[in-house]
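One file, protein12.txt, is given below (compact mmCIF, C-alpha atoms and all ligand atoms).
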```
# COMPACT_ATOMS: atom_id res chain seq x y z
CA MET A 1 124.94 93.90 64.32
CA ARG A 2 124.07 97.35 65.72
CA MET A 3 122.00 97.97 68.84
CA VAL A 4 120.30 100.97 67.24
CA ASP A 5 118.86 98.73 64.49
CA ILE A 6 117.50 96.29 67.08
CA ILE A 7 115.81 99.16 68.97
CA ALA A 8 114.28 100.53 65.75
CA LYS A 9 113.03 97.08 64.73
CA LYS A 10 111.17 96.61 68.02
CA ARG A 11 109.94 100.23 67.93
CA ASP A 12 108.25 99.41 64.61
CA GLY A 13 106.66 96.26 66.03
CA GLY A 14 109.11 93.80 64.45
CA LYS A 15 109.99 90.37 65.81
CA LEU A 16 113.53 90.06 67.16
CA SER A 17 115.62 87.05 66.22
CA ARG A 18 117.45 84.85 68.70
CA GLU A 19 120.76 86.36 67.53
CA GLU A 20 119.54 89.92 68.11
CA ILE A 21 118.25 89.10 71.60
CA GLU A 22 121.49 87.31 72.51
CA PHE A 23 123.53 90.25 71.17
CA PHE A 24 121.56 92.62 73.44
CA ILE A 25 121.78 90.50 76.61
CA LYS A 26 125.47 89.65 76.17
CA GLY A 27 126.44 93.23 75.34
CA TYR A 28 124.41 94.75 78.15
CA THR A 29 125.72 92.29 80.78
CA GLU A 30 129.33 92.86 79.66
CA GLY A 31 128.87 96.63 79.59
CA SER A 32 129.44 97.23 75.86
CA ILE A 33 125.80 98.32 75.42
CA PRO A 34 125.06 101.46 77.48
CA ASP A 35 122.05 101.98 79.77
CA TYR A 36 120.43 104.48 77.40
CA GLN A 37 120.23 101.98 74.56
CA ALA A 38 119.06 99.20 76.86
CA SER A 39 116.37 101.53 78.28
CA ALA A 40 115.14 102.39 74.79
CA LEU A 41 114.82 98.72 73.87
CA LEU A 42 113.09 97.87 77.17
CA MET A 43 110.54 100.63 76.55
CA ALA A 44 109.98 99.40 72.98
CA ILE A 45 109.39 95.88 74.37
CA CYS A 46 106.94 97.31 76.94
CA LEU A 47 104.98 99.11 74.24
CA LYS A 48 105.13 96.57 71.40
CA GLY A 49 105.39 93.30 73.35
CA MET A 50 107.17 90.08 72.47
CA ASP A 51 105.72 86.77 71.31
CA MET A 52 106.46 83.56 73.18
CA GLU A 53 109.36 82.65 70.90
CA GLU A 54 111.07 85.98 71.57
CA ALA A 55 110.31 85.78 75.31
CA THR A 56 111.84 82.29 75.43
CA HIS A 57 114.99 83.45 73.58
CA LEU A 58 115.22 86.36 76.01
CA THR A 59 114.87 84.02 79.00
CA MET A 60 117.50 81.59 77.70
CA ALA A 61 119.94 84.41 76.89
CA MET A 62 119.50 85.68 80.46
CA VAL A 63 120.08 82.18 81.89
CA ALA A 64 123.32 81.97 79.83
CA SER A 65 124.54 85.30 81.25
CA GLY A 66 125.77 83.65 84.47
CA ASP A 67 126.19 80.42 86.44
CA GLN A 68 123.70 77.60 86.22
CA ILE A 69 123.25 75.17 89.06
CA ASP A 70 123.87 71.55 88.20
CA LEU A 71 121.74 69.38 90.46
CA SER A 72 122.53 66.13 88.63
CA ALA A 73 124.50 64.84 91.65
CA ILE A 74 121.15 64.57 93.46
CA GLU A 75 119.25 61.45 92.48
CA GLY A 76 115.66 61.65 91.28
CA ILE A 77 113.42 64.51 90.25
CA LYS A 78 114.13 67.87 91.90
CA VAL A 79 111.24 70.26 92.40
CA ASP A 80 111.14 74.00 92.96
CA LYS A 81 108.35 76.44 93.59
CA HIS A 82 108.02 80.17 93.10
CA SER A 83 105.52 82.65 94.43
CA THR A 84 105.05 85.98 92.72
CA GLY A 85 105.02 87.52 96.19
CA GLY A 86 102.47 88.15 98.85
CA VAL A 87 101.72 89.22 102.38
CA GLY A 88 101.80 86.52 105.04
CA ASP A 89 102.89 84.01 102.38
CA LYS A 90 104.60 81.30 104.39
CA THR A 91 103.74 78.50 101.93
CA THR A 92 107.35 77.38 101.27
CA LEU A 93 107.85 76.70 104.98
CA VAL A 94 104.85 74.35 104.93
CA LEU A 95 104.87 72.72 101.51
CA GLY A 96 108.64 72.19 101.25
CA PRO A 97 108.64 69.75 104.18
CA ILE A 98 105.39 68.14 102.93
CA VAL A 99 106.82 67.43 99.47
CA ALA A 100 110.16 66.20 100.89
CA ALA A 101 108.29 63.95 103.35
CA CYS A 102 106.54 62.40 100.32
CA GLY A 103 109.94 61.40 98.91
CA VAL A 104 110.46 64.16 96.31
CA LYS A 105 113.62 66.29 96.55
CA VAL A 106 113.14 70.01 97.17
CA ALA A 107 116.10 72.18 96.12
CA LYS A 108 114.82 75.68 96.71
CA MET A 109 116.59 78.96 96.33
CA SER A 110 114.62 81.78 97.89
CA GLY A 111 114.84 85.52 98.21
CA ARG A 112 114.57 88.20 100.84
CA GLY A 113 111.57 90.44 101.30
CA LEU A 114 111.40 93.94 99.92
CA GLY A 115 108.71 96.55 100.52
CA HIS A 116 105.36 95.13 101.61
CA THR A 117 106.14 91.52 100.63
CA GLY A 118 108.05 89.09 102.81
CA GLY A 119 110.82 86.69 101.78
CA THR A 120 111.35 83.08 102.82
CA ILE A 121 115.04 83.63 103.63
CA ASP A 122 114.18 86.30 106.23
CA LYS A 123 111.53 84.03 107.73
CA LEU A 124 113.96 81.11 108.07
CA GLU A 125 116.65 83.38 109.55
CA SER A 126 114.27 84.20 112.42
CA ILE A 127 114.99 80.64 113.64
CA PRO A 128 118.04 80.97 115.93
CA GLY A 129 121.19 79.72 114.18
CA PHE A 130 119.53 78.91 110.83
CA ASN A 131 122.06 79.31 108.01
CA THR A 132 120.64 80.29 104.62
CA GLN A 133 124.03 81.12 103.08
CA LEU A 134 125.06 77.65 101.95
CA THR A 135 127.83 77.03 99.45
CA ARG A 136 126.80 75.12 96.34
CA GLU A 137 128.33 71.94 97.80
CA GLU A 138 126.58 72.38 101.16
CA PHE A 139 123.27 73.00 99.38
CA ILE A 140 123.57 69.84 97.29
CA ARG A 141 124.69 67.77 100.29
CA ALA A 142 121.72 69.02 102.35
CA VAL A 143 119.23 68.09 99.62
CA LYS A 144 120.86 64.66 99.21
CA GLU A 145 120.84 63.90 102.94
CA THR A 146 117.63 65.54 104.12
CA GLY A 147 115.60 65.66 100.91
CA ILE A 148 115.20 69.42 101.23
CA ALA A 149 117.28 72.58 101.49
CA VAL A 150 116.14 76.18 101.30
CA ALA A 151 118.93 78.68 100.79
CA GLY A 152 119.68 82.13 99.46
CA GLN A 153 121.02 82.42 95.96
CA THR A 154 124.56 81.10 95.57
CA GLY A 155 127.00 82.13 92.87
CA ASN A 156 126.44 84.51 90.04
CA LEU A 157 122.96 83.50 88.90
CA VAL A 158 121.45 85.54 86.04
CA PRO A 159 123.57 88.72 86.32
CA ALA A 160 121.65 90.05 83.28
CA ASP A 161 118.47 90.12 85.39
CA LYS A 162 120.15 91.98 88.26
CA LYS A 163 121.30 94.71 85.87
CA LEU A 164 118.11 94.81 83.84
CA TYR A 165 115.80 94.79 86.86
CA ALA A 166 117.61 97.77 88.39
CA LEU A 167 117.27 99.63 85.08
CA ARG A 168 113.59 98.67 84.65
CA ASP A 169 112.85 99.90 88.15
CA VAL A 170 113.94 103.45 87.26
CA THR A 171 112.74 103.63 83.65
CA GLY A 172 109.08 102.67 84.06
CA THR A 173 109.64 99.35 82.32
CA VAL A 174 108.82 96.79 85.02
CA ARG A 175 105.26 96.26 83.79
CA SER A 176 105.73 94.11 80.72
CA LEU A 177 104.53 90.53 80.42
CA ALA A 178 107.61 89.45 78.44
CA LEU A 179 110.03 91.20 80.80
CA ILE A 180 108.42 89.95 84.02
CA SER A 181 108.05 86.37 82.82
CA SER A 182 111.61 86.18 81.44
CA SER A 183 113.00 87.73 84.64
CA ILE A 184 111.26 85.20 86.90
CA MET A 185 111.76 82.16 84.66
CA SER A 186 115.45 82.85 83.97
CA LYS A 187 116.15 82.63 87.71
CA LYS A 188 114.07 79.45 88.08
CA LEU A 189 115.72 77.77 85.09
CA ALA A 190 119.24 78.70 86.26
CA ALA A 191 118.47 77.13 89.66
CA GLY A 192 118.38 73.72 87.97
CA SER A 193 115.23 71.89 89.15
CA ASP A 194 113.25 69.59 86.82
CA VAL A 195 109.82 70.63 88.05
CA ILE A 196 108.70 74.20 88.73
CA VAL A 197 105.33 75.08 90.28
CA LEU A 198 104.41 78.76 90.14
CA ASP A 199 102.06 80.32 92.66
CA VAL A 200 100.77 83.37 90.83
CA LYS A 201 99.08 85.70 93.29
CA THR A 202 96.30 88.02 92.31
CA GLY A 203 94.47 90.78 94.17
CA SER A 204 95.21 93.95 96.09
CA GLY A 205 98.35 92.60 97.78
CA ALA A 206 99.83 91.15 94.58
CA PHE A 207 101.83 92.34 91.61
CA MET A 208 99.02 91.25 89.28
CA LYS A 209 95.89 92.99 90.47
CA THR A 210 93.34 91.14 88.28
CA VAL A 211 92.76 87.45 87.58
CA GLU A 212 93.14 88.12 83.83
CA GLU A 213 96.59 89.66 84.32
CA ALA A 214 97.60 86.79 86.62
CA ARG A 215 96.40 84.22 84.07
CA GLU A 216 98.36 85.90 81.27
CA LEU A 217 101.53 85.93 83.37
CA ALA A 218 100.99 82.31 84.42
CA GLU A 219 100.47 81.19 80.81
CA ALA A 220 103.58 83.04 79.64
CA MET A 221 105.78 81.54 82.37
CA VAL A 222 104.44 78.01 81.86
CA SER A 223 105.02 78.34 78.11
CA ILE A 224 108.62 79.57 78.56
CA GLY A 225 109.43 76.83 81.09
CA THR A 226 107.91 74.10 78.94
CA ARG A 227 109.82 75.32 75.85
CA ALA A 228 112.97 75.11 77.98
CA GLY A 229 112.25 71.43 78.63
CA LYS A 230 110.98 71.64 82.22
CA LYS A 231 107.73 70.42 83.74
CA VAL A 232 105.95 73.60 84.76
CA ALA A 233 102.48 74.38 86.12
CA ALA A 234 100.95 77.44 87.71
CA VAL A 235 98.24 77.89 90.31
CA ILE A 236 96.50 81.26 90.54
CA THR A 237 95.72 82.06 94.16
CA ASP A 238 94.03 84.94 95.94
CA MET A 239 96.04 87.71 97.57
CA ASP A 240 93.13 90.11 98.02
CA ARG A 241 93.30 89.15 101.65
CA PRO A 242 96.39 88.11 103.62
CA LEU A 243 97.17 84.40 103.81
CA GLY A 244 96.69 83.07 107.33
CA TYR A 245 96.76 85.28 110.41
CA ALA A 246 100.45 86.06 110.88
CA VAL A 247 102.53 88.64 108.99
CA GLY A 248 106.16 88.94 110.09
CA ASN A 249 109.07 86.56 110.16
CA ALA A 250 109.09 84.60 113.45
CA LEU A 251 105.29 84.97 113.67
CA GLU A 252 104.95 83.27 110.28
CA VAL A 253 107.36 80.46 111.19
CA ARG A 254 105.19 79.81 114.23
CA GLU A 255 102.05 79.68 112.06
CA ALA A 256 103.75 77.36 109.53
CA ILE A 257 104.68 74.99 112.39
CA ASP A 258 101.03 75.07 113.53
CA VAL A 259 99.83 74.07 110.05
CA LEU A 260 102.34 71.19 109.96
CA LYS A 261 100.95 70.09 113.33
CA GLY A 262 97.51 69.78 111.69
CA LYS A 263 96.31 73.00 113.28
CA GLY A 264 96.70 76.53 111.96
CA PRO A 265 94.58 78.53 109.52
CA GLU A 266 92.51 76.65 106.95
CA ASP A 267 93.46 79.02 104.08
CA VAL A 268 97.21 78.38 104.54
CA ARG A 269 96.60 74.64 104.71
CA GLU A 270 94.45 74.70 101.57
CA VAL A 271 96.93 76.68 99.43
CA CYS A 272 99.85 74.56 100.66
CA LEU A 273 98.11 71.24 100.00
CA THR A 274 97.14 72.42 96.51
CA LEU A 275 100.66 73.58 95.58
CA ALA A 276 102.29 70.52 97.19
CA ALA A 277 99.92 68.23 95.27
CA LYS A 278 100.84 69.96 91.99
CA MET A 279 104.55 69.55 92.75
CA LEU A 280 104.08 65.85 93.57
CA GLU A 281 101.91 65.29 90.49
CA LEU A 282 104.52 66.81 88.15
CA ALA A 283 107.20 64.75 89.91
CA GLY A 284 105.30 61.61 88.85
CA LYS A 285 103.66 60.63 92.14
CA GLY A 286 100.22 60.01 90.56
CA SER A 287 97.05 61.98 89.89
CA PHE A 288 96.45 65.38 91.46
CA GLY A 289 93.75 63.90 93.75
CA HIS A 290 96.05 61.11 94.90
CA CYS A 291 98.90 63.58 95.50
CA ARG A 292 96.65 65.82 97.57
CA GLU A 293 95.85 62.79 99.70
CA LEU A 294 99.60 62.05 100.07
CA ALA A 295 100.23 65.65 101.12
CA ALA A 296 97.41 65.59 103.69
CA GLN A 297 98.74 62.28 105.08
CA ALA A 298 102.23 63.79 105.43
CA ILE A 299 100.71 66.35 107.80
CA ALA A 300 98.44 63.88 109.62
CA SER A 301 101.27 61.38 110.26
CA GLY A 302 103.69 64.04 111.53
CA ALA A 303 106.17 63.15 108.74
CA ALA A 304 106.17 66.70 107.33
CA LEU A 305 106.76 68.24 110.75
CA ARG A 306 109.70 65.86 111.32
CA LYS A 307 111.06 66.87 107.89
CA LEU A 308 110.98 70.55 108.90
CA GLU A 309 112.84 69.65 112.09
CA GLN A 310 115.49 67.76 110.07
CA MET A 311 115.87 70.65 107.65
CA ILE A 312 116.35 73.17 110.47
CA ARG A 313 118.94 70.93 112.13
CA ALA A 314 120.79 70.29 108.84
CA GLN A 315 121.06 74.05 108.24
CA GLY A 316 122.39 74.74 111.74
CA GLY A 317 119.17 76.05 113.29
CA LEU A 318 117.58 75.40 116.65
CA ALA A 319 115.30 72.47 115.76
CA ASP A 320 113.61 72.59 119.19
CA VAL A 321 111.50 75.53 117.91
CA VAL A 322 109.33 72.93 116.17
CA ARG A 323 108.34 71.41 119.49
CA ASP A 324 108.40 74.69 121.39
CA PRO A 325 107.72 77.74 119.17
CA ALA A 326 108.12 79.96 122.26
CA LEU A 327 111.88 79.63 121.57
CA LEU A 328 111.42 81.88 118.52
CA PRO A 329 112.20 85.59 118.96
CA LYS A 330 109.43 87.52 120.73
CA ALA A 331 108.78 91.27 120.60
CA ALA A 332 109.02 93.32 123.78
CA HIS A 333 105.77 95.20 123.08
CA VAL A 334 102.36 94.07 121.84
CA LYS A 335 99.57 96.54 121.10
CA ALA A 336 96.01 95.98 119.89
CA TYR A 337 94.49 97.57 116.80
CA ARG A 338 90.81 98.12 117.56
CA ALA A 339 87.68 98.39 115.42
CA LYS A 340 86.61 101.99 114.76
CA ARG A 341 82.98 100.90 114.36
CA GLY A 342 80.78 97.81 114.52
CA GLY A 343 79.72 95.71 111.51
CA TYR A 344 81.42 93.16 109.30
CA ILE A 345 85.02 93.28 108.13
CA THR A 346 84.55 93.72 104.39
CA GLY A 347 88.23 93.80 103.49
CA ILE A 348 91.81 94.00 104.73
CA GLN A 349 94.07 95.36 101.99
CA SER A 350 97.06 93.04 102.02
CA GLU A 351 99.45 95.63 100.61
CA ARG A 352 98.62 98.12 103.38
CA LEU A 353 98.87 95.39 106.00
CA GLY A 354 102.29 94.43 104.62
CA ILE A 355 103.39 98.07 104.79
CA ALA A 356 102.19 98.34 108.42
CA ALA A 357 104.16 95.18 109.32
CA MET A 358 107.20 96.63 107.53
CA MET A 359 106.87 99.84 109.58
CA LEU A 360 107.03 97.74 112.76
CA GLY A 361 110.36 96.29 111.57
CA ALA A 362 109.19 93.07 109.84
CA GLY A 363 110.24 94.20 106.36
CA ARG A 364 112.66 96.37 104.43
CA ALA A 365 111.83 99.81 103.09
CA THR A 366 115.11 99.69 101.12
CA LYS A 367 117.53 96.86 100.33
CA GLU A 368 119.85 98.13 103.07
CA SER A 369 117.27 98.11 105.93
CA THR A 370 117.67 95.54 108.67
CA ILE A 371 114.84 93.30 109.79
CA ASP A 372 113.49 92.70 113.28
CA PRO A 373 112.63 88.96 113.26
CA ALA A 374 110.13 89.32 116.11
CA ALA A 375 108.14 92.20 114.63
CA GLY A 376 104.86 91.90 112.77
CA ILE A 377 101.11 91.66 113.00
CA VAL A 378 98.74 88.88 114.02
CA LEU A 379 95.18 89.17 112.76
CA LEU A 380 92.52 88.28 115.30
CA LYS A 381 89.66 88.73 112.79
CA LYS A 382 89.45 88.20 109.04
CA PRO A 383 87.14 89.49 106.28
CA GLY A 384 83.60 88.24 106.86
CA ASP A 385 83.85 88.31 110.67
CA SER A 386 81.42 90.47 112.63
CA VAL A 387 82.94 92.98 115.03
CA LYS A 388 81.84 95.47 117.68
CA GLU A 389 83.30 98.93 118.05
CA GLY A 390 86.48 98.70 120.15
CA ASP A 391 87.05 94.98 119.50
CA ALA A 392 90.71 94.04 119.07
CA LEU A 393 91.17 93.19 115.36
CA MET A 394 94.94 92.72 115.34
CA GLU A 395 97.96 92.42 117.61
CA LEU A 396 100.94 94.56 116.64
CA HIS A 397 104.34 93.20 117.73
CA ALA A 398 107.36 95.52 117.95
CA ASN A 399 110.56 95.97 119.91
CA ASP A 400 110.41 99.73 119.49
CA GLU A 401 107.18 101.27 120.87
CA THR A 402 107.60 104.45 118.83
CA LEU A 403 106.85 102.46 115.67
CA PHE A 404 103.23 101.72 116.65
CA GLU A 405 101.77 105.10 115.73
CA SER A 406 102.54 105.08 112.00
CA ALA A 407 101.62 101.38 111.68
CA LEU A 408 98.25 102.00 113.37
CA ALA A 409 97.55 104.85 110.94
CA GLU A 410 98.34 102.57 108.00
CA LEU A 411 95.92 99.97 109.38
CA ASP A 412 93.14 102.58 109.44
CA ILE A 413 93.49 102.63 105.65
CA ALA A 414 93.89 98.85 105.34
CA VAL A 415 90.76 97.77 107.22
CA ALA A 416 87.25 98.27 105.86
CA ILE A 417 84.19 97.63 108.04
CA GLY A 418 80.71 97.71 106.50
CA ASP A 419 77.12 96.70 107.23
CA ASN A 420 76.92 93.62 105.02
CA VAL A 421 78.79 90.31 105.04
CA PRO A 422 81.15 90.27 102.02
CA GLU A 423 80.93 87.48 99.43
CA PRO A 424 83.59 84.87 100.23
CA ALA A 425 86.24 84.91 97.49
CA PRO A 426 87.74 81.64 96.19
CA LEU A 427 91.25 80.97 97.44
CA VAL A 428 92.51 78.77 94.63
CA ILE A 429 91.28 80.54 91.52
CA ASP A 430 92.64 78.55 88.60
CA PHE A 431 95.25 76.09 87.32
CA VAL A 432 97.40 76.76 84.25
N1 LIG A 501 109.79 89.54 90.06
C1 LIG A 501 110.89 89.32 89.33
O1 LIG A 501 111.75 88.53 89.71
N2 LIG A 501 111.03 89.98 88.16
C2 LIG A 501 110.13 90.85 87.69
O2 LIG A 501 110.31 91.41 86.62
C3 LIG A 501 108.98 91.08 88.48
C4 LIG A 501 108.84 90.42 89.66
```
Mind turning the file's structure into structure tokens?
Amino acid sequence: MRMVDIIAKKRDGGKLSREEIEFFIKGYTEGSIPDYQASALLMAICLKGMDMEEATHLTMAMVASGDQIDLSAIEGIKVDKHSTGGVGDKTTLVLGPIVAACGVKVAKMSGRGLGHTGGTIDKLESIPGFNTQLTREEFIRAVKETGIAVAGQTGNLVPADKKLYALRDVTGTVRSLALISSSIMSKKLAAGSDVIVLDVKTGSGAFMKTVEEARELAEAMVSIGTRAGKKVAAVITDMDRPLGYAVGNALEVREAIDVLKGKGPEDVREVCLTLAAKMLELAGKGSFGHCRELAAQAIASGAALRKLEQMIRAQGGLADVVRDPALLPKAAHVKAYRAKRGGYITGIQSERLGIAAMMLGAGRATKESTIDPAAGIVLLKKPGDSVKEGDALMELHANDETLFESALAELDIAVAIGDNVPEPAPLVIDFV
């Protein structure tokens, strides 16, 4: 088999066989296929597409490129969840404990934030002492004993994706349905859970800007996962506006704790109950309606909050933060962002808000940047609220006062104030 023939076949719109796809992934991961040939094939895939059979072969070849986690030592059905990335998205911190409190095991590998989107691992590490770097054995033991563990990736999971993603990033080949869905699903499949619920975000702060694009991605990922023998569902949720009020690591942990206490923002609660109910439904706990009830009860009874406390303790963190969130890191400086005019807030662009929070130290501009766990932004008003000129719209939290200026300028672009109340957008848009 020759790589040049595979490239030419896809260039002409042909369908690649399983053998051809495996030849490419194996050769590229091992280094026998050079970057220039891989780039040419990636571009051909971007332009000509792949059908679901090809995308599934691609996903499975990527899974086979590295380690796969065997969770069979943990009894019962194991569930995982993935979000395509958002601003202020603290859902894992809320729904993980809810699902575990309902008796379903949560074995979740999460990532760090990059650019304007946050990552669950950074959020958890804002809890003093919390260890996200568990060995495979520690991870499995924690899930067995506590019913939940959330850790950074262990071992050599999907090395093909690491190499391919870096190449796609610099060759204009990220935007391809087949390449995005195989990249995400290969990592989820290698992580070993039986049930995968995908939270596909859409809107200004998301990767998929329109509902149609989000639906296509959701359908592709569900199809790949189902072909691979897993129970998979997707929920399309809005990321046109930030989720909740807090953006930034410790600030989001605090908000997640609030939601588990039965308080906190209604939008976070709603998205978390919906995703948790889907996870419980696929794990065999009954109808979606019944599972939503179970999830709501887990909050009302305090069981989910206790589960978060257990998880923090099991992973070496200061569990007292659950009772007293003031123990979380706090920024030395807080500054208000004020309304430039009166009217109604017609929009807050999540991507811009995420960038402003990153500028304050809450996120990474590059993979090497360090994070300030205390930094971030707390919204005081949301789209639809009426405001007067000079009203405080947000609180900016930073340890370095010199960072405020650029973040405030970014917020001038993020916030839109108009004369009319905007139409409320649905939060949970569709199920796939
Ligand atoms: N996230 C991923 O993990 N892979 C992609 O290709 C895009 C987003």
Self-check item: Atomic distance atom CA of Gly27 of chain A - atom CA of Met62 of chain A, expressed in Å with one decimal
Solution: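 Those two atoms sit 11.5 Å apart.
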Report, as AutoDock Vina command-line options, the centre and edge lengths in Å (one decimal) of the axis-aligned box enclosing every listed atom of segment 180-197 of chain A, padded by 5 Å on each side.
```
--center_x 112.3 --center_y 79.8 --center_z 85.9 --size_x 23.9 --size_y 30.4 --size_z 18.8
```
Quiz prompt | Best match for closeness to ligand LIG 501 (chain A) among A:Cys46, A:Ala107, A:Ile180, A:Ala100, counting only C-alpha atoms and all ligand atoms | solution =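 Smallest distance to ligand LIG 501 (chain A) is found for A:Ile180.
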Quiz item: Which residues, written as an MDAnalysis selection string, have at least one atom at most 9 Å from Ala220 of chain A, with all atoms listed in the file counted and residues fewer than 2 positions away on the same chain left out?
Solution: chainID A and resid 52 55 177:178 181:182 215:218 222:225
Self-check item: Exercise: segment 424-432 of chain A partners within 9 Å, all atoms listed in the file, chain neighbours under 6 positions left out, as a ChimeraX atom specification
Solution: /A:211,215,218-219,222,233-240,267,270-271,274,383-384
Would you write out, as JSON lines, a table of all residues in segment 225-267 of chain A that have an atom no more than 12 Å from an atom of segment 397-403 of chain A, listing for each the closest atom pair and the distance in Å to one decimal, considering all atoms listed in the file and ordering rows by chain and rising residue number?
```
{"residue": "A:Ala246", "atom": "CA", "partner": "A:His397", "partner_atom": "CA", "distance": 10.6}
{"residue": "A:Val247", "atom": "CA", "partner": "A:His397", "partner_atom": "CA", "distance": 10.0}
{"residue": "A:Gly248", "atom": "CA", "partner": "A:His397", "partner_atom": "CA", "distance": 8.9}
{"residue": "A:Asn249", "atom": "CA", "partner": "A:His397", "partner_atom": "CA", "distance": 11.1}
{"residue": "A:Ala250", "atom": "CA", "partner": "A:His397", "partner_atom": "CA", "distance": 10.7}
{"residue": "A:Leu251", "atom": "CA", "partner": "A:His397", "partner_atom": "CA", "distance": 9.2}
```
Using all atoms listed in the file, which residues sit within 10 Å of segment 339-347 of chain A once same-chain residues fewer than 5 positions away are excluded, as a tab-separated table (two decimals) with C-alpha atoms, keeping the file's coordinate frame?
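Result file selection-v3.tsv:
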```tsv
chain	number	residue	atom	x	y	z
A	240	ASP	CA	93.13	90.11	98.02
A	241	ARG	CA	93.30	89.15	101.65
A	242	PRO	CA	96.39	88.11	103.62
A	381	LYS	CA	89.66	88.73	112.79
A	382	LYS	CA	89.45	88.20	109.04
A	383	PRO	CA	87.14	89.49	106.28
A	384	GLY	CA	83.60	88.24	106.86
A	385	ASP	CA	83.85	88.31	110.67
A	386	SER	CA	81.42	90.47	112.63
A	387	VAL	CA	82.94	92.98	115.03
A	388	LYS	CA	81.84	95.47	117.68
A	389	GLU	CA	83.30	98.93	118.05
A	390	GLY	CA	86.48	98.70	120.15
A	391	ASP	CA	87.05	94.98	119.50
A	392	ALA	CA	90.71	94.04	119.07
A	393	LEU	CA	91.17	93.19	115.36
A	394	MET	CA	94.94	92.72	115.34
A	412	ASP	CA	93.14	102.58	109.44
A	414	ALA	CA	93.89	98.85	105.34
A	415	VAL	CA	90.76	97.77	107.22
A	416	ALA	CA	87.25	98.27	105.86
A	417	ILE	CA	84.19	97.63	108.04
A	418	GLY	CA	80.71	97.71	106.50
A	419	ASP	CA	77.12	96.70	107.23
A	420	ASN	CA	76.92	93.62	105.02
A	421	VAL	CA	78.79	90.31	105.04
A	422	PRO	CA	81.15	90.27	102.02
A	423	GLU	CA	80.93	87.48	99.43
A	424	PRO	CA	83.59	84.87	100.23
```
Practice problem: For Cys291 of chain A, list every protein, DNA or RNA residue within 10 Å, evaluated using all atoms listed in the file, and leave out those in the same chain fewer than 2 positions away; present the list as an MDAnalysis selection string. | Solution: chainID A and resid 99 102 273:274 276:282 284:289 293:297
Self-check item: Which of A:Leu379, A:Ala190, A:Val334, A:Leu260 sits closest to Met60 of chain A [using only C-alpha atoms]
Solution: A:Ala190
Self-check item: Within-7 Å residues of ligand LIG 501 (chain A), basis all atoms listed in the file, as a ChimeraX atom specification
Solution: /A:84,165,174,179-181,183-184
Self-check item: Nearest candidate to Arg141 of chain A (options A:Ala336, A:Leu42, A:Ile355, A:Ile74; using only C-alpha atoms)
Solution: A:Ile74
Quiz prompt | Given all atoms listed in the file as the counted atoms, nearest of A:Asn131, A:Ser369, A:Thr29, A:Ser176 to Ser65 of chain A | solution =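 Smallest distance to Ser65 of chain A is found for A:Thr29.
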Practice problem: For each of A:Arg352, A:Arg175, A:His82, A:Arg306, take the minimum atom-to-atom distance to Val197 of chain A, counting only C-alpha atoms, then give the residue where this is smallest. | Solution: A:His82
Practice problem: Pick out the closest residue to Val150 of chain A from this set: A:Ala64, A:Val104, A:Ala375, A:Leu308. Count only C-alpha atoms. | Solution: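 Nearest candidate to Val150 of chain A out of A:Ala64, A:Val104, A:Ala375, A:Leu308: A:Leu308.
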